[in-house]
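Engineer: Got a structure for you, written out below as structure tokens; questions coming shortly.
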Amino acid sequence: MVEQGDPNFLVRPYTMTGGRTRPRSDVAIETIVTSVPYPPHDITTLTPEHRAIIGLCREWRSVAEISALLRLPLGVTRVLVADMAYEGLLRLHQSNSADEQPDRRLLERVLSGLRKI
């Protein structure tokens, strides 16, 4: 995707999110994401980043993994994932309670996936 040496590095992430720096809903980095089996509209009209996220999320992935695999800043990934979930392209599997601690097994899977990258 976007490399740090790329002269568009500082501009492009801003463009991908429409200038927003915060997701429309709270999406934690450990949130597990999957793509929906039948998207509500034609995905060929989506941006390359959106299509890449859908492709990666055919398997369960954390937001942190998506960010690392696509070499996108974490903030940009959170905004894109939240937007795509709102549009019905992705499913978010996260805890409903802010007081609840993340599942240790989940965190270990996320850490394992990040180490493989």
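Each chain in the structure tokens gets a letter, A, B, ..., in the order shown, and its residues are numbered from 1; ligands are numbered from 1 in order too.
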Excluding range 51-58 of chain A and its own-chain neighbours fewer than 5 positions away, which residues fall within 7 Å of it when counting only C-alpha atoms? Please give them as a PyMOL selection string.

Structural biologist: chain A and resi 33-35+43+46+66
